[in-house]
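**Q** Got a structure for you, target-v8.pdb, holding PDB, C-alpha atoms, pLDDT in the B column.
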```
MODEL        1
ATOM      1  CA  LEU A   1       0.000   0.000   0.000  1.00 79.00           C
ATOM      2  CA  SER A   2       2.984   2.312  -0.101  1.00 83.00           C
ATOM      3  CA  GLU A   3       1.733   3.775  -3.397  1.00 92.00           C
ATOM      4  CA  LEU A   4      -1.803   4.501  -2.129  1.00 96.00           C
ATOM      5  CA  LYS A   5      -2.824   8.102  -2.906  1.00 97.00           C
ATOM      6  CA  ALA A   6      -6.235   8.366  -1.209  1.00 98.00           C
ATOM      7  CA  LEU A   7      -7.901   6.594   1.678  1.00 97.00           C
ATOM      8  CA  GLU A   8     -11.576   7.228   2.485  1.00 96.00           C
ATOM      9  CA  ALA A   9     -13.084   5.497   5.506  1.00 96.00           C
ATOM     10  CA  ARG A  10     -16.071   7.689   6.356  1.00 96.00           C
ATOM     11  CA  GLY A  11     -18.969   6.499   8.456  1.00 96.00           C
ATOM     12  CA  ASN A  12     -17.361   3.544  10.156  1.00 96.00           C
ATOM     13  CA  MET A  13     -16.670   2.833  13.828  1.00 96.00           C
ATOM     14  CA  LEU A  14     -12.934   3.387  13.900  1.00 97.00           C
ATOM     15  CA  ARG A  15     -11.669   4.173  17.401  1.00 96.00           C
ATOM     16  CA  THR A  16      -7.942   4.231  16.666  1.00 95.00           C
ATOM     17  CA  LEU A  17      -5.483   4.323  13.800  1.00 95.00           C
ATOM     18  CA  PRO A  18      -2.389   2.107  13.833  1.00 95.00           C
ATOM     19  CA  GLU A  19       1.064   3.661  14.085  1.00 96.00           C
ATOM     20  CA  SER A  20       1.799   1.748  10.911  1.00 96.00           C
ATOM     21  CA  ILE A  21      -0.245   4.298   8.943  1.00 96.00           C
ATOM     22  CA  ALA A  22       3.106   6.024   8.469  1.00 95.00           C
ATOM     23  CA  GLY A  23       3.845   3.325   5.910  1.00 95.00           C
ATOM     24  CA  LEU A  24       1.416   4.974   3.483  1.00 96.00           C
ATOM     25  CA  ALA A  25       4.240   7.140   2.238  1.00 94.00           C
ATOM     26  CA  SER A  26       2.435   8.367  -0.921  1.00 97.00           C
ATOM     27  CA  LEU A  27      -0.896   9.173   0.754  1.00 97.00           C
ATOM     28  CA  GLU A  28      -2.239  12.570  -0.313  1.00 98.00           C
ATOM     29  CA  ARG A  29      -5.830  12.446   0.918  1.00 98.00           C
ATOM     30  CA  LEU A  30      -7.117  10.898   4.144  1.00 98.00           C
ATOM     31  CA  GLU A  31     -10.845  11.119   4.945  1.00 98.00           C
ATOM     32  CA  LEU A  32     -11.989   9.708   8.281  1.00 98.00           C
ATOM     33  CA  ALA A  33     -15.166  11.679   8.993  1.00 98.00           C
ATOM     34  CA  SER A  34     -17.978  10.192  11.084  1.00 98.00           C
ATOM     35  CA  ASN A  35     -15.989   7.639  13.035  1.00 98.00           C
ATOM     36  CA  ASP A  36     -15.253   7.300  16.774  1.00 97.00           C
ATOM     37  CA  LEU A  37     -11.635   8.444  16.784  1.00 98.00           C
ATOM     38  CA  SER A  38     -10.521   9.893  20.126  1.00 97.00           C
ATOM     39  CA  ALA A  39      -6.844  10.328  19.197  1.00 96.00           C
ATOM     40  CA  LEU A  40      -4.458  10.277  16.247  1.00 97.00           C
ATOM     41  CA  PRO A  41      -1.163   8.382  16.292  1.00 97.00           C
ATOM     42  CA  GLU A  42       2.072  10.368  16.506  1.00 97.00           C
ATOM     43  CA  SER A  43       3.137   8.655  13.301  1.00 97.00           C
ATOM     44  CA  ILE A  44       0.576  10.657  11.326  1.00 97.00           C
ATOM     45  CA  GLY A  45       3.223  13.355  11.118  1.00 97.00           C
ATOM     46  CA  ASP A  46       5.269  11.038   8.916  1.00 97.00           C
ATOM     47  CA  LEU A  47       2.765  11.282   6.029  1.00 97.00           C
ATOM     48  CA  ALA A  48       4.969  13.690   4.111  1.00 96.00           C
ATOM     49  CA  ALA A  49       2.753  13.790   0.979  1.00 98.00           C
ATOM     50  CA  LEU A  50      -0.556  14.340   2.809  1.00 98.00           C
ATOM     51  CA  ALA A  51      -2.419  17.356   1.381  1.00 98.00           C
ATOM     52  CA  THR A  52      -5.993  16.824   2.672  1.00 98.00           C
ATOM     53  CA  LEU A  53      -7.028  15.555   6.091  1.00 98.00           C
ATOM     54  CA  VAL A  54     -10.743  15.312   6.944  1.00 98.00           C
ATOM     55  CA  LEU A  55     -11.661  14.360  10.521  1.00 98.00           C
ATOM     56  CA  ASP A  56     -15.167  15.799  10.894  1.00 98.00           C
ATOM     57  CA  MET A  57     -17.534  14.339  13.482  1.00 98.00           C
ATOM     58  CA  ASN A  58     -15.172  12.271  15.572  1.00 98.00           C
ATOM     59  CA  GLU A  59     -14.281  12.539  19.261  1.00 97.00           C
ATOM     60  CA  LEU A  60     -10.877  14.201  19.104  1.00 98.00           C
ATOM     61  CA  ALA A  61      -9.928  16.383  22.075  1.00 96.00           C
ATOM     62  CA  SER A  62      -6.474  17.251  20.760  1.00 97.00           C
ATOM     63  CA  PHE A  63      -3.997  16.687  17.949  1.00 98.00           C
ATOM     64  CA  PRO A  64      -0.568  15.087  18.388  1.00 97.00           C
ATOM     65  CA  ASP A  65       2.447  17.394  18.290  1.00 97.00           C
ATOM     66  CA  SER A  66       3.562  15.611  15.138  1.00 98.00           C
ATOM     67  CA  LEU A  67       0.658  17.177  13.212  1.00 98.00           C
ATOM     68  CA  GLY A  68       2.851  20.225  12.707  1.00 97.00           C
ATOM     69  CA  ASP A  69       5.244  18.087  10.679  1.00 97.00           C
ATOM     70  CA  LEU A  70       2.723  17.804   7.815  1.00 98.00           C
ATOM     71  CA  ALA A  71       4.460  20.411   5.676  1.00 96.00           C
ATOM     72  CA  SER A  72       2.444  19.480   2.558  1.00 98.00           C
ATOM     73  CA  LEU A  73      -0.983  19.698   4.222  1.00 98.00           C
ATOM     74  CA  GLU A  74      -3.241  22.175   2.390  1.00 98.00           C
ATOM     75  CA  THR A  75      -6.681  21.371   3.848  1.00 98.00           C
ATOM     76  CA  LEU A  76      -7.508  20.384   7.415  1.00 98.00           C
ATOM     77  CA  SER A  77     -11.102  19.885   8.515  1.00 98.00           C
ATOM     78  CA  ALA A  78     -12.047  18.660  11.987  1.00 98.00           C
ATOM     79  CA  VAL A  79     -15.589  19.980  12.349  1.00 98.00           C
ATOM     80  CA  GLU A  80     -17.632  18.898  15.356  1.00 98.00           C
ATOM     81  CA  ASN A  81     -15.097  17.144  17.517  1.00 97.00           C
ATOM     82  CA  GLY A  82     -14.178  18.040  21.100  1.00 95.00           C
ATOM     83  CA  LEU A  83     -10.962  19.919  20.388  1.00 98.00           C
ATOM     84  CA  ALA A  84      -9.970  21.968  23.433  1.00 96.00           C
ATOM     85  CA  GLU A  85      -6.514  23.009  22.252  1.00 96.00           C
ATOM     86  CA  LEU A  86      -4.132  22.952  19.315  1.00 97.00           C
ATOM     87  CA  PRO A  87      -0.517  21.810  19.640  1.00 97.00           C
ATOM     88  CA  GLY A  88       2.265  24.356  19.821  1.00 96.00           C
ATOM     89  CA  SER A  89       3.633  22.877  16.613  1.00 97.00           C
ATOM     90  CA  PHE A  90       0.530  23.925  14.663  1.00 97.00           C
ATOM     91  CA  GLY A  91       2.349  26.768  12.938  1.00 95.00           C
ATOM     92  CA  GLY A  92       4.504  24.199  11.174  1.00 96.00           C
ATOM     93  CA  LEU A  93       1.689  23.597   8.670  1.00 97.00           C
ATOM     94  CA  ALA A  94       3.431  25.827   6.151  1.00 96.00           C
ATOM     95  CA  SER A  95       1.227  24.871   3.173  1.00 98.00           C
ATOM     96  CA  LEU A  96      -2.134  25.023   4.967  1.00 98.00           C
ATOM     97  CA  GLU A  97      -4.663  27.068   2.960  1.00 98.00           C
ATOM     98  CA  THR A  98      -8.022  25.910   4.357  1.00 98.00           C
ATOM     99  CA  LEU A  99      -8.706  25.307   8.046  1.00 98.00           C
ATOM    100  CA  ASP A 100     -12.173  24.381   9.295  1.00 98.00           C
ATOM    101  CA  LEU A 101     -12.443  23.758  13.040  1.00 98.00           C
ATOM    102  CA  LYS A 102     -15.980  24.923  13.719  1.00 97.00           C
ATOM    103  CA  TYR A 103     -18.091  23.356  16.465  1.00 98.00           C
ATOM    104  CA  ASN A 104     -15.263  22.491  18.832  1.00 98.00           C
ATOM    105  CA  ALA A 105     -14.259  23.741  22.291  1.00 97.00           C
ATOM    106  CA  LEU A 106     -11.186  25.850  21.558  1.00 97.00           C
ATOM    107  CA  GLU A 107     -10.562  28.554  24.175  1.00 95.00           C
ATOM    108  CA  ARG A 108      -7.256  29.831  22.828  1.00 94.00           C
ATOM    109  CA  LEU A 109      -4.890  29.457  19.898  1.00 95.00           C
ATOM    110  CA  PRO A 110      -1.159  28.747  20.223  1.00 94.00           C
ATOM    111  CA  PRO A 111       1.236  31.606  19.384  1.00 92.00           C
ATOM    112  CA  SER A 112       2.510  29.611  16.420  1.00 94.00           C
ATOM    113  CA  PHE A 113      -0.936  29.901  14.816  1.00 94.00           C
ATOM    114  CA  ALA A 114       0.129  33.271  13.424  1.00 91.00           C
ATOM    115  CA  GLU A 115       2.846  31.499  11.415  1.00 93.00           C
ATOM    116  CA  LEU A 116       0.294  29.961   9.028  1.00 95.00           C
ATOM    117  CA  ALA A 117       1.477  32.157   6.189  1.00 94.00           C
ATOM    118  CA  SER A 118      -0.446  30.300   3.456  1.00 97.00           C
ATOM    119  CA  LEU A 119      -3.820  30.245   5.230  1.00 96.00           C
ATOM    120  CA  ARG A 120      -6.593  31.711   3.080  1.00 96.00           C
ATOM    121  CA  TYR A 121      -9.837  30.347   4.579  1.00 97.00           C
ATOM    122  CA  LEU A 122     -10.315  30.126   8.343  1.00 96.00           C
ATOM    123  CA  ASP A 123     -13.475  28.885  10.065  1.00 97.00           C
ATOM    124  CA  LEU A 124     -13.331  28.865  13.862  1.00 96.00           C
ATOM    125  CA  SER A 125     -17.019  29.497  14.417  1.00 95.00           C
ATOM    126  CA  ALA A 126     -18.870  27.985  17.371  1.00 96.00           C
ATOM    127  CA  ASN A 127     -15.856  27.609  19.643  1.00 96.00           C
ATOM    128  CA  ASP A 128     -15.102  29.423  22.915  1.00 95.00           C
ATOM    129  CA  LEU A 129     -12.385  31.834  21.821  1.00 94.00           C
ATOM    130  CA  ALA A 130     -11.927  35.086  23.713  1.00 90.00           C
ATOM    131  CA  ALA A 131      -9.081  36.467  21.586  1.00 86.00           C
ATOM    132  CA  LEU A 132      -7.093  35.922  18.415  1.00 86.00           C
ATOM    133  CA  PRO A 133      -3.297  35.942  18.022  1.00 80.00           C
ATOM    134  CA  ALA A 134      -1.899  39.463  17.840  1.00 65.00           C
ATOM    135  CA  ASP A 135       0.149  38.770  14.721  1.00 73.00           C
ATOM    136  CA  HIS A 136      -1.605  38.577  11.396  1.00 71.00           C
ATOM    137  CA  LEU A 137      -2.025  35.804   8.862  1.00 87.00           C
ATOM    138  CA  ALA A 138      -0.636  37.375   5.719  1.00 90.00           C
ATOM    139  CA  SER A 139      -2.667  35.421   3.136  1.00 94.00           C
ATOM    140  CA  LEU A 140      -6.013  35.345   4.952  1.00 93.00           C
ATOM    141  CA  GLU A 141      -9.023  36.069   2.722  1.00 92.00           C
ATOM    142  CA  ILE A 142     -12.019  34.800   4.730  1.00 92.00           C
ATOM    143  CA  ALA A 143     -12.349  34.682   8.525  1.00 91.00           C
ATOM    144  CA  VAL A 144     -15.436  33.011  10.000  1.00 92.00           C
ATOM    145  CA  LEU A 145     -15.466  33.722  13.737  1.00 91.00           C
ATOM    146  CA  ALA A 146     -19.204  33.608  14.434  1.00 90.00           C
ATOM    147  CA  GLU A 147     -20.655  32.176  17.650  1.00 91.00           C
ATOM    148  CA  ASN A 148     -17.537  32.636  19.743  1.00 92.00           C
ATOM    149  CA  ARG A 149     -19.510  34.208  22.568  1.00 89.00           C
ATOM    150  CA  ARG A 150     -16.513  35.531  24.487  1.00 89.00           C
ATOM    151  CA  LEU A 151     -14.741  37.127  21.521  1.00 88.00           C
ATOM    152  CA  ASP A 152     -14.756  40.848  22.306  1.00 80.00           C
ATOM    153  CA  GLY A 153     -12.011  42.250  20.125  1.00 78.00           C
ATOM    154  CA  LEU A 154      -9.957  41.832  16.976  1.00 80.00           C
ATOM    155  CA  PRO A 155      -6.179  42.310  16.828  1.00 81.00           C
ATOM    156  CA  PRO A 156      -5.139  45.652  15.248  1.00 78.00           C
ATOM    157  CA  SER A 157      -3.051  43.748  12.723  1.00 79.00           C
ATOM    158  CA  MET A 158      -6.255  42.400  11.161  1.00 80.00           C
ATOM    159  CA  ALA A 159      -6.847  45.846   9.673  1.00 76.00           C
ATOM    160  CA  HIS A 160      -3.739  45.440   7.537  1.00 80.00           C
ATOM    161  CA  LEU A 161      -4.491  42.132   5.864  1.00 85.00           C
ATOM    162  CA  GLU A 162      -4.363  43.082   2.215  1.00 85.00           C
ATOM    163  CA  HIS A 163      -6.192  39.964   1.000  1.00 89.00           C
ATOM    164  CA  LEU A 164      -8.971  39.928   3.612  1.00 88.00           C
ATOM    165  CA  SER A 165     -12.381  40.160   1.933  1.00 86.00           C
ATOM    166  CA  ASP A 166     -14.931  38.538   4.283  1.00 86.00           C
ATOM    167  CA  VAL A 167     -15.288  38.665   8.069  1.00 85.00           C
ATOM    168  CA  PHE A 168     -18.132  36.938   9.933  1.00 87.00           C
ATOM    169  CA  LEU A 169     -18.729  37.967  13.559  1.00 84.00           C
ATOM    170  CA  VAL A 170     -22.346  37.069  14.269  1.00 83.00           C
ATOM    171  CA  GLY A 171     -22.901  35.831  17.804  1.00 79.00           C
ATOM    172  CA  THR A 172     -19.636  37.148  19.258  1.00 78.00           C
ATOM    173  CA  GLU A 173     -19.278  39.515  22.208  1.00 70.00           C
ATOM    174  CA  LEU A 174     -18.556  42.204  19.624  1.00 65.00           C
ATOM    175  CA  CYS A 175     -22.214  42.092  18.612  1.00 56.00           C
ATOM    176  CA  CYS A 176     -24.000  40.758  21.671  1.00 46.00           C
ATOM    177  CA  ASN A 177     -23.604  43.993  23.612  1.00 38.00           C
ATOM    178  CA  ALA A 178     -25.424  47.244  22.940  1.00 27.00           C
ATOM    179  CA  THR A 179     -22.347  48.564  21.170  1.00 29.00           C
ATOM    180  CA  LEU A 180     -19.345  47.027  19.519  1.00 34.00           C
ATOM    181  CA  ARG A 181     -16.867  47.355  22.356  1.00 33.00           C
ATOM    182  CA  GLY A 182     -13.210  48.156  22.041  1.00 36.00           C
ATOM    183  CA  GLY A 183     -13.318  49.635  18.558  1.00 41.00           C
ATOM    184  CA  LEU A 184     -13.854  47.536  15.466  1.00 47.00           C
ATOM    185  CA  ASP A 185     -11.165  48.866  13.168  1.00 47.00           C
ATOM    186  CA  LEU A 186     -11.132  47.321   9.710  1.00 50.00           C
ATOM    187  CA  ALA A 187     -10.579  50.657   8.026  1.00 45.00           C
ATOM    188  CA  ALA A 188      -7.602  49.479   5.991  1.00 44.00           C
ATOM    189  CA  ALA A 189      -8.732  45.942   5.316  1.00 47.00           C
ATOM    190  CA  GLU A 190     -10.622  46.627   2.061  1.00 49.00           C
ATOM    191  CA  CYS A 191     -13.311  44.097   2.918  1.00 53.00           C
ATOM    192  CA  ASP A 192     -16.148  43.317   0.526  1.00 53.00           C
ATOM    193  CA  TRP A 193     -18.381  41.861   3.210  1.00 49.00           C
ATOM    194  CA  VAL A 194     -18.606  42.166   6.984  1.00 55.00           C
ATOM    195  CA  GLU A 195     -21.368  40.187   8.697  1.00 52.00           C
ATOM    196  CA  LEU A 196     -21.940  41.704  12.114  1.00 48.00           C
ATOM    197  CA  VAL A 197     -25.350  41.163  13.607  1.00 37.00           C
ATOM    198  CA  THR A 198     -28.471  39.082  13.756  1.00 33.00           C
ATOM    199  CA  HIS A 199     -30.196  41.132  16.429  1.00 33.00           C
ATOM    200  CA  ALA A 200     -30.180  44.619  17.945  1.00 31.00           C
ATOM    201  CA  CYS A 201     -26.765  46.203  17.960  1.00 37.00           C
ATOM    202  CA  MET A 202     -25.009  49.405  17.035  1.00 37.00           C
ATOM    203  CA  LEU A 203     -21.768  50.394  15.412  1.00 42.00           C
ATOM    204  CA  GLY A 204     -20.282  52.766  17.958  1.00 43.00           C
ATOM    205  CA  ASP A 205     -18.329  55.975  17.472  1.00 44.00           C
ATOM    206  CA  ASP A 206     -15.021  54.128  17.881  1.00 46.00           C
ATOM    207  CA  ASP A 207     -15.863  51.438  15.340  1.00 46.00           C
ATOM    208  CA  SER A 208     -14.590  51.895  11.823  1.00 46.00           C
ATOM    209  CA  VAL A 209     -14.979  50.013   8.584  1.00 46.00           C
ATOM    210  CA  GLU A 210     -14.349  53.015   6.376  1.00 47.00           C
ATOM    211  CA  GLY A 211     -12.194  52.723   3.308  1.00 45.00           C
ATOM    212  CA  ASN A 212     -13.544  49.311   2.358  1.00 47.00           C
ATOM    213  CA  ARG A 213     -15.531  48.040  -0.617  1.00 45.00           C
ATOM    214  CA  ILE A 214     -18.484  46.967   1.535  1.00 44.00           C
ATOM    215  CA  ASP A 215     -21.876  47.331  -0.127  1.00 43.00           C
ATOM    216  CA  MET A 216     -23.961  45.525   2.487  1.00 44.00           C
ATOM    217  CA  LEU A 217     -23.953  44.639   6.164  1.00 45.00           C
ATOM    218  CA  ALA A 218     -25.690  41.351   6.905  1.00 44.00           C
ATOM    219  CA  GLY A 219     -28.182  40.882   9.689  1.00 43.00           C
ATOM    220  CA  PHE A 220     -30.269  44.025   9.404  1.00 39.00           C
ATOM    221  CA  ASP A 221     -34.018  43.890   8.878  1.00 38.00           C
ATOM    222  CA  ASP A 222     -33.490  46.091   5.829  1.00 39.00           C
ATOM    223  CA  ASP A 223     -30.306  45.902   3.784  1.00 38.00           C
ATOM    224  CA  ALA A 224     -27.965  48.698   4.761  1.00 37.00           C
ATOM    225  CA  THR A 225     -26.115  50.153   1.809  1.00 33.00           C
ATOM    226  CA  VAL A 226     -22.649  51.430   2.562  1.00 31.00           C
ATOM    227  CA  ASP A 227     -20.394  53.424   0.288  1.00 28.00           C
ATOM    228  CA  PHE A 228     -16.957  53.962   1.800  1.00 24.00           C
ATOM    229  CA  PHE A 229     -17.722  55.371   5.234  1.00 26.00           C
ATOM    230  CA  ILE A 230     -19.926  54.246   8.093  1.00 28.00           C
ATOM    231  CA  ASP A 231     -20.526  56.690  10.918  1.00 29.00           C
ATOM    232  CA  SER A 232     -23.151  54.869  12.966  1.00 28.00           C
ATOM    233  CA  ILE A 233     -25.820  52.380  12.003  1.00 25.00           C
ATOM    234  CA  PHE A 234     -28.616  51.245  14.234  1.00 24.00           C
ATOM    235  CA  CYS A 235     -30.604  48.080  13.755  1.00 26.00           C
ATOM    236  CA  ALA A 236     -33.675  46.816  15.535  1.00 23.00           C
TER     237      ALA A 236
ENDMDL
END
```
In C-alpha cells, how does this file's structure come out?
**A**
Amino acid sequence: LSELKALEARGNMLRTLPESIAGLASLERLELASNDLSALPESIGDLAALATLVLDMNELASFPDSLGDLASLETLSAVENGLAELPGSFGGLASLETLDLKYNALERLPPSFAELASLRYLDLSANDLAALPADHLASLEIAVLAENRRLDGLPPSMAHLEHLSDVFLVGTELCCNATLRGGLDLAAAECDWVELVTHACMLGDDDSVEGNRIDMLAGFDDDATVDFFIDSIFCA
C-alpha cells in the first residue's frame, strides 16, 4: 500500500489508527469523517505527501504534536469534535490554505498559529475563543469567527491584511452587547463583506470600517447600503 494516494473510511466505527499508517508514504488524501476516533497516532506526522485531512464528526480532544510536521498539508477539517486546544507545533503547517475547526471547544490558539502564512480560509465558528493571536495571517481572505460568545475584540493587525475580503462575527461579544466594544477597526482591510449582527446592535463611534468596498452589512431587517464610510448604524 505504499503507493496509495487516497484513503476514504467515512462512516465507520474506527476508534484508533495504527502507528503503521506512516507506511502509506504516498498518501495525499485521508478522509476519516464520522468515526469514533478519540486520538491520532504520533506517526501521522510522517505522512509527508498528505495534502488533505478530513476528521469531521469524531471525538478528538487534541492533535498530536507531530501534526505540525505535515508540511504538505493544504486542507484540514475537523468539524464537530471536542478539540480543546491545538498543539504548539501547529504553525509548522506551512502549506495550509483551508482550516475548518468549527463546532469544537477551543478557548485559545497557540502563538505559532500566526505562522500559518499560506492560510486563506479560516473557520473557527462555534468555539469558545476570547481572543485571536496578535500577529496577522498574511494570506487570509475569509475569517469566519461567528458564535464565539466571548470574543470581544480583533487584533489591530487584522486591519492590515491586504487579501482579507470577508469577516463573519455574528454571535460574538462584539455584537452581543449594545455597542461594539473596544473599537472595530477594519478601516484598511478593504473588505467586501462584513457580517456583524443578527439582532439589535449598534456600530459605535469608535468602530470603523471606512475605506472598504463593503456594499452591504448582513443581519439588518433592511439591507444597509454602505459606500466607503460608516458613521453609525442602528438596527432593531
**Q** Please evaluate the PyMOL selection byres ((chain A and resi 94) around 12) against the structure above and give the resulting residues as a PyMOL selection string.
**A** chain A and resi 51+67-75+89-93+95-98+112-119+137+139
**Q** In Å to one decimal, how far is atom CA of A:Val144 from atom CA of A:Val170?
**A**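 Distance between the two atoms: 9.1 Å.
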**Q** Can you tell me which residues surround stretch 78-84 of chain A at a distance of at most 10 Å, considering only C-alpha atoms, apart from same-chain residues fewer than 6 positions away, and format the answer as an MDAnalysis selection string?
**A** chainID A and resid 32:34 36:38 53:63 99:109 123:128
**Q** Using only C-alpha atoms for the distances, tell me which of A:Lys5, A:Arg120, A:Arg149, A:His136 is nearest to A:Ser165.
**A**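 Using only C-alpha atoms, A:Ser165 sits closest to A:Arg120.
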**Q** Convert the output of the PyMOL selection byres ((chain A and resi 3) around 12) on the shown file into explicit residues, formatted as a PyMOL selection string.
**A** chain A and resi 1-2+4-7+23-28+49
**Q** With all atoms listed in the file as the basis for distance, which of A:Ala138, A:Met158, A:Ile44, A:Leu76 is at the shortest distance from A:Ile21?
**A** A:Ile44
**Q** When distances are computed from only C-alpha atoms, which of A:Met13, A:Pro64, A:Leu161, A:Gly45 shows the smallest separation from A:Glu141?
**A**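 Of A:Met13, A:Pro64, A:Leu161, A:Gly45, the one nearest A:Glu141 is A:Leu161, counting only C-alpha atoms.
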**Q** One decimal, in Å: what's the spacing between atom CA of A:Leu50 and atom CA of A:Glu31?
**A** 11.0 Å
**Q** So what do you get for atom CA of A:Val167 versus atom CA of A:Glu85, distance-wise?
**A**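 Rounded to one decimal, the two atoms are 22.9 Å apart.
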